[in-house]
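*Asks:* Got a structure for you, questions after.
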Amino acid sequence: MHVGSFVLAAQFPGQGHGEALHRAVRSAEAAEEAGLDSVWLAEHHFVPYGTCPSAVTLAAYLLGRTSRIRVGTAVSVLPTAHPVALGEQAALLHLTSGGRFSLGVGRGGPWVDLEVFGSGLDAYEKGFPESLDLLVRWLREPAVASDSGRFRFREVPVVPRPSEALSGVPGPEVVVACTSPASVRLAAERGLPMLLGMHVGDEEKAEMVALWRQCARVAGRPADEVYGAAHVSAGVCQIADRRTDAVETLVKAMPGWLKHGLEAHVTVDGRARSMRDPLAYTELLCGLHPVGTPRLCADRLAATSERTGITRFALLVEGSGDLAATEENVRRLGAEVLPHLG
């Protein structure tokens, strides 16, 4: 089992952007010190829900500050980026880090970001498969041209070519954030592992893994790829000597951040949007994920893995909103939970 942290660089009420980003960096460094396997970095624009606007840039910084841990994006928002530019950045990080970089990509939302970056609503609603295919080609082929849809250009060489320096490693892994059957099918047909969100529980994640396998088989993917796909489950982790204390920590801090952060989203076309009740959502997360004593947290992770077949986890550890408490949470995850998992 591979347990990592999920870093949002969340701006809790009363905090500044710099404080949120400093906590994000320190929690990633603490994750390596604690023996965690990976750190996954979120990306958001114009909202305090997460203050990192470029997950790939923060990944570069953290790869330079660490020596062992894998660093991934969860996710780089593909509709607001040119897939070739993102592919070049991913190749650069893959080569310079010795293969420690993972590229997670997703559709994002129908937010004003699409207006600001000039990609338009169509890039979100229809353009994700085209962008994903171009990105994967860039990371796997020596030269690439494109003559379809949004991207039209003559053949150009891939420089740097991500497979050049690492024998037997074709390039950085690409993980796709999946929230619907359509996105599951999209990832499965390309043989790309999924990142499944923290808002869904074990049963729904197990169903998504089963659908992924079914679609991958129909698409003719090799059996070892179908059953060996390294999907990632996102969740929340808060450790305390008593479960009630762990829940209380999150219930005190997270609703204010969720309300403050999620209300700031603005749709690009003025469409109506609904928002979860922050307290109810926090309580839901506490019920779905490893929140409680070290033994309970280990058992929760083991149960999720057994039910879903997923062996990689990205756990939000900054739910307290406090730097010292976050560092202690990460330390306990490494020292008191991982030993129970083998």
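Ligands are numbered from 1 in the order shown, residues from 1 within each chain, and chains are lettered A, B, ... in the order they appear in the structure tokens.
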Can you pull out every residue from stretch 76-241 of chain A that DSSP, working from the backbone, puts in strand (DSSP E or B), and format the result as number ranges by chain?
*Replies:* A: 76-77, 101-106, 111, 143-148, 151-157, 173-178, 194-196, 232-236, 238-239
*Asks:* Near A:Val112, within 6 Å and counting only C-alpha atoms, which residues show up once chain neighbours fewer than 2 positions away are dropped, as number ranges by chain?
*Replies:* A: 114-115, 266-268
*Asks:* Keeping N, CA, C and O atoms for every residue in the selection just given, could you write it to a file as an mmCIF file, in the first residue's frame?
*Replies:*
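Full text of part15.cif as output:
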```cif
data_model
loop_
_atom_site.group_PDB
_atom_site.id
_atom_site.type_symbol
_atom_site.label_atom_id
_atom_site.label_comp_id
_atom_site.auth_asym_id
_atom_site.auth_seq_id
_atom_site.Cartn_x
_atom_site.Cartn_y
_atom_site.Cartn_z
ATOM 1 N N LEU A 114 -11.943 29.764 -17.613
ATOM 2 C CA LEU A 114 -12.021 29.527 -19.051
ATOM 3 C C LEU A 114 -12.076 30.831 -19.834
ATOM 4 O O LEU A 114 -11.592 30.917 -20.966
ATOM 5 N N GLU A 115 -12.667 31.847 -19.226
ATOM 6 C CA GLU A 115 -12.696 33.178 -19.845
ATOM 7 C C GLU A 115 -11.349 33.868 -19.713
ATOM 8 O O GLU A 115 -10.816 34.415 -20.682
ATOM 9 N N VAL A 266 -16.957 31.209 -9.507
ATOM 10 C CA VAL A 266 -17.842 31.951 -10.406
ATOM 11 C C VAL A 266 -17.914 31.197 -11.726
ATOM 12 O O VAL A 266 -16.887 30.886 -12.334
ATOM 13 N N THR A 267 -19.122 30.887 -12.187
ATOM 14 C CA THR A 267 -19.262 30.173 -13.455
ATOM 15 C C THR A 267 -19.029 31.123 -14.624
ATOM 16 O O THR A 267 -19.339 32.316 -14.553
ATOM 17 N N VAL A 268 -18.495 30.576 -15.705
ATOM 18 C CA VAL A 268 -18.137 31.401 -16.851
ATOM 19 C C VAL A 268 -19.367 31.892 -17.604
ATOM 20 O O VAL A 268 -19.332 32.958 -18.228
#
```
*Asks:* Could you produce a table of the residues of stretch 256-312 of chain A lying within 12 Å of stretch 316-327 of chain A, with the nearest pair of atoms per residue and their separation in Å rounded to one decimal, using only C-alpha atoms, ordered by chain and increasing residue number, as a Markdown table?
*Replies:*
```
| residue | atom | partner | partner_atom | distance |
| --- | --- | --- | --- | --- |
| A:Gly256 | CA | A:Gly321 | CA | 10.2 |
| A:Trp257 | CA | A:Gly321 | CA | 8.5 |
| A:Leu258 | CA | A:Gly319 | CA | 10.3 |
| A:Thr282 | CA | A:Gly319 | CA | 9.7 |
| A:Leu285 | CA | A:Leu316 | CA | 10.5 |
| A:Cys286 | CA | A:Gly319 | CA | 10.7 |
| A:His289 | CA | A:Leu316 | CA | 10.0 |
| A:Pro290 | CA | A:Leu316 | CA | 10.2 |
| A:Val291 | CA | A:Val317 | CA | 10.2 |
```
*Asks:* Keeping N, CA and C atoms, export the residues of the selection given above as a PDB file, in the first residue's frame.
*Replies:*
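Result file follows (again.pdb):
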```pdb
ATOM      1  N   GLY A 256     -15.718  26.444   7.885  1.00  0.00           N
ATOM      2  CA  GLY A 256     -15.421  27.841   7.572  1.00  0.00           C
ATOM      3  C   GLY A 256     -14.611  27.970   6.298  1.00  0.00           C
ATOM      4  N   TRP A 257     -13.611  27.096   6.148  1.00  0.00           N
ATOM      5  CA  TRP A 257     -12.801  27.106   4.923  1.00  0.00           C
ATOM      6  C   TRP A 257     -13.639  26.725   3.710  1.00  0.00           C
ATOM      7  N   LEU A 258     -14.461  25.670   3.835  1.00  0.00           N
ATOM      8  CA  LEU A 258     -15.269  25.222   2.705  1.00  0.00           C
ATOM      9  C   LEU A 258     -16.252  26.302   2.250  1.00  0.00           C
ATOM     10  N   THR A 282     -18.354  18.204   5.827  1.00  0.00           N
ATOM     11  CA  THR A 282     -17.261  17.849   6.734  1.00  0.00           C
ATOM     12  C   THR A 282     -17.588  16.568   7.488  1.00  0.00           C
ATOM     13  N   LEU A 285     -17.203  13.574   5.224  1.00  0.00           N
ATOM     14  CA  LEU A 285     -15.796  13.206   5.025  1.00  0.00           C
ATOM     15  C   LEU A 285     -15.242  12.477   6.240  1.00  0.00           C
ATOM     16  N   CYS A 286     -15.630  12.906   7.430  1.00  0.00           N
ATOM     17  CA  CYS A 286     -15.165  12.237   8.647  1.00  0.00           C
ATOM     18  C   CYS A 286     -15.665  10.794   8.694  1.00  0.00           C
ATOM     19  N   HIS A 289     -13.590   8.521   5.705  1.00  0.00           N
ATOM     20  CA  HIS A 289     -12.137   8.453   5.591  1.00  0.00           C
ATOM     21  C   HIS A 289     -11.447   8.215   6.943  1.00  0.00           C
ATOM     22  N   PRO A 290     -10.126   8.007   6.918  1.00  0.00           N
ATOM     23  CA  PRO A 290      -9.398   7.731   8.160  1.00  0.00           C
ATOM     24  C   PRO A 290      -9.315   8.947   9.076  1.00  0.00           C
ATOM     25  N   VAL A 291     -10.281   9.058   9.942  1.00  0.00           N
ATOM     26  CA  VAL A 291     -10.352  10.143  10.924  1.00  0.00           C
ATOM     27  C   VAL A 291     -10.565   9.489  12.280  1.00  0.00           C
TER      28      VAL A 291
END
```
*Asks:* Mind the document's chain letters and residue numbers, and return as a PyMOL selection string the residues of stretch 34-188 of chain A that DSSP labels helix (DSSP H, G or I).
*Replies:* chain A and resi 34+55-65+78-80+83-96+113-116+121-125+128-140+181-188
*Asks:* Just to be explicit: take each residue in the selection above, keep C-alpha atoms, and write the result as a PDB file, in the first residue's frame.
*Replies:*
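What follows is the written file again.pdb:
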```pdb
ATOM      1  CA  ALA A  34       7.560  10.860   7.887  1.00  0.00           C
ATOM      2  CA  ALA A  55       0.401  22.539  -9.457  1.00  0.00           C
ATOM      3  CA  VAL A  56       3.229  21.768 -11.865  1.00  0.00           C
ATOM      4  CA  THR A  57       5.178  24.835 -10.686  1.00  0.00           C
ATOM      5  CA  LEU A  58       4.776  23.925  -7.026  1.00  0.00           C
ATOM      6  CA  ALA A  59       5.729  20.345  -7.911  1.00  0.00           C
ATOM      7  CA  ALA A  60       8.972  21.600  -9.425  1.00  0.00           C
ATOM      8  CA  TYR A  61       9.771  23.513  -6.245  1.00  0.00           C
ATOM      9  CA  LEU A  62       9.019  20.540  -4.003  1.00  0.00           C
ATOM     10  CA  LEU A  63      10.970  18.098  -6.161  1.00  0.00           C
ATOM     11  CA  GLY A  64      13.946  20.382  -5.637  1.00  0.00           C
ATOM     12  CA  ARG A  65      13.428  20.441  -1.871  1.00  0.00           C
ATOM     13  CA  LEU A  78      -6.169  20.648 -18.818  1.00  0.00           C
ATOM     14  CA  PRO A  79      -8.858  22.872 -20.410  1.00  0.00           C
ATOM     15  CA  THR A  80      -6.984  25.990 -19.251  1.00  0.00           C
ATOM     16  CA  PRO A  83      -1.331  20.207 -23.672  1.00  0.00           C
ATOM     17  CA  VAL A  84       2.050  20.576 -25.397  1.00  0.00           C
ATOM     18  CA  ALA A  85       3.210  23.216 -22.906  1.00  0.00           C
ATOM     19  CA  LEU A  86       2.063  21.030 -20.011  1.00  0.00           C
ATOM     20  CA  GLY A  87       3.712  18.010 -21.610  1.00  0.00           C
ATOM     21  CA  GLU A  88       7.015  19.864 -21.912  1.00  0.00           C
ATOM     22  CA  GLN A  89       6.867  20.816 -18.242  1.00  0.00           C
ATOM     23  CA  ALA A  90       6.015  17.258 -17.219  1.00  0.00           C
ATOM     24  CA  ALA A  91       8.876  15.840 -19.303  1.00  0.00           C
ATOM     25  CA  LEU A  92      11.278  18.325 -17.743  1.00  0.00           C
ATOM     26  CA  LEU A  93      10.250  17.372 -14.206  1.00  0.00           C
ATOM     27  CA  HIS A  94      10.308  13.658 -15.026  1.00  0.00           C
ATOM     28  CA  LEU A  95      13.878  13.829 -16.302  1.00  0.00           C
ATOM     29  CA  THR A  96      15.347  16.204 -13.738  1.00  0.00           C
ATOM     30  CA  ASP A 113     -10.919  30.531 -15.527  1.00  0.00           C
ATOM     31  CA  LEU A 114     -12.021  29.527 -19.051  1.00  0.00           C
ATOM     32  CA  GLU A 115     -12.696  33.178 -19.845  1.00  0.00           C
ATOM     33  CA  VAL A 116      -9.533  34.515 -18.266  1.00  0.00           C
ATOM     34  CA  LEU A 121     -16.477  26.876 -22.394  1.00  0.00           C
ATOM     35  CA  ASP A 122     -16.125  24.467 -25.310  1.00  0.00           C
ATOM     36  CA  ALA A 123     -12.695  23.399 -24.023  1.00  0.00           C
ATOM     37  CA  TYR A 124     -14.367  22.254 -20.818  1.00  0.00           C
ATOM     38  CA  GLU A 125     -17.512  20.727 -22.280  1.00  0.00           C
ATOM     39  CA  PHE A 128     -10.924  17.346 -22.808  1.00  0.00           C
ATOM     40  CA  PRO A 129     -10.462  14.075 -24.808  1.00  0.00           C
ATOM     41  CA  GLU A 130      -8.606  15.881 -27.600  1.00  0.00           C
ATOM     42  CA  SER A 131      -6.324  17.674 -25.138  1.00  0.00           C
ATOM     43  CA  LEU A 132      -5.655  14.465 -23.195  1.00  0.00           C
ATOM     44  CA  ASP A 133      -4.740  12.525 -26.337  1.00  0.00           C
ATOM     45  CA  LEU A 134      -2.352  15.225 -27.515  1.00  0.00           C
ATOM     46  CA  LEU A 135      -0.742  15.388 -24.074  1.00  0.00           C
ATOM     47  CA  VAL A 136      -0.209  11.613 -23.937  1.00  0.00           C
ATOM     48  CA  ARG A 137       1.228  11.565 -27.459  1.00  0.00           C
ATOM     49  CA  TRP A 138       3.683  14.288 -26.460  1.00  0.00           C
ATOM     50  CA  LEU A 139       4.871  12.223 -23.514  1.00  0.00           C
ATOM     51  CA  ARG A 140       5.204   8.985 -25.497  1.00  0.00           C
ATOM     52  CA  PRO A 181     -18.945   7.176 -16.063  1.00  0.00           C
ATOM     53  CA  ALA A 182     -17.885   9.163 -19.142  1.00  0.00           C
ATOM     54  CA  SER A 183     -14.550  10.154 -17.603  1.00  0.00           C
ATOM     55  CA  VAL A 184     -14.016   6.589 -16.338  1.00  0.00           C
ATOM     56  CA  ARG A 185     -14.515   5.261 -19.887  1.00  0.00           C
ATOM     57  CA  LEU A 186     -12.192   7.927 -21.270  1.00  0.00           C
ATOM     58  CA  ALA A 187      -9.372   6.941 -18.896  1.00  0.00           C
ATOM     59  CA  ALA A 188      -9.970   3.202 -19.326  1.00  0.00           C
TER      60      ALA A 188
END
```
*Asks:* Under the rule that only C-alpha atoms are counted, which of A:Gly235, A:Gly171, A:Pro339, A:Gly334 is the nearest residue to A:Thr304?
*Replies:*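 Looking only at the distances to A:Thr304, the closest residue turns out to be A:Gly235.
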*Asks:* Name all residues at most 9 Å from A:Leu288 (count only C-alpha atoms; drop same-chain ones fewer than 4 positions away) and give them as a list in words.
*Replies:*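 Result of the neighbour search: Met198, His199, Val200, Gly201, Asp202, Gly235, Val236, Glu283, Leu284 and Arg300 of chain A.
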*Asks:* Can you pull out the residues contacting stretch 30-33 of chain A? Cut-off 10 Å, using only C-alpha atoms, and skip same-chain residues under 5 positions away; I want them as a ChimeraX atom specification.
*Replies:* /A:3-5,24-25,38-39,66-70,317,326-331,333-334
*Asks:* Could you tell me how far atom CA of A:Ser146 lies from atom CA of A:His44, in Å and to one decimal?
*Replies:*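 Computing it gives 28.3 Å between the two atoms.
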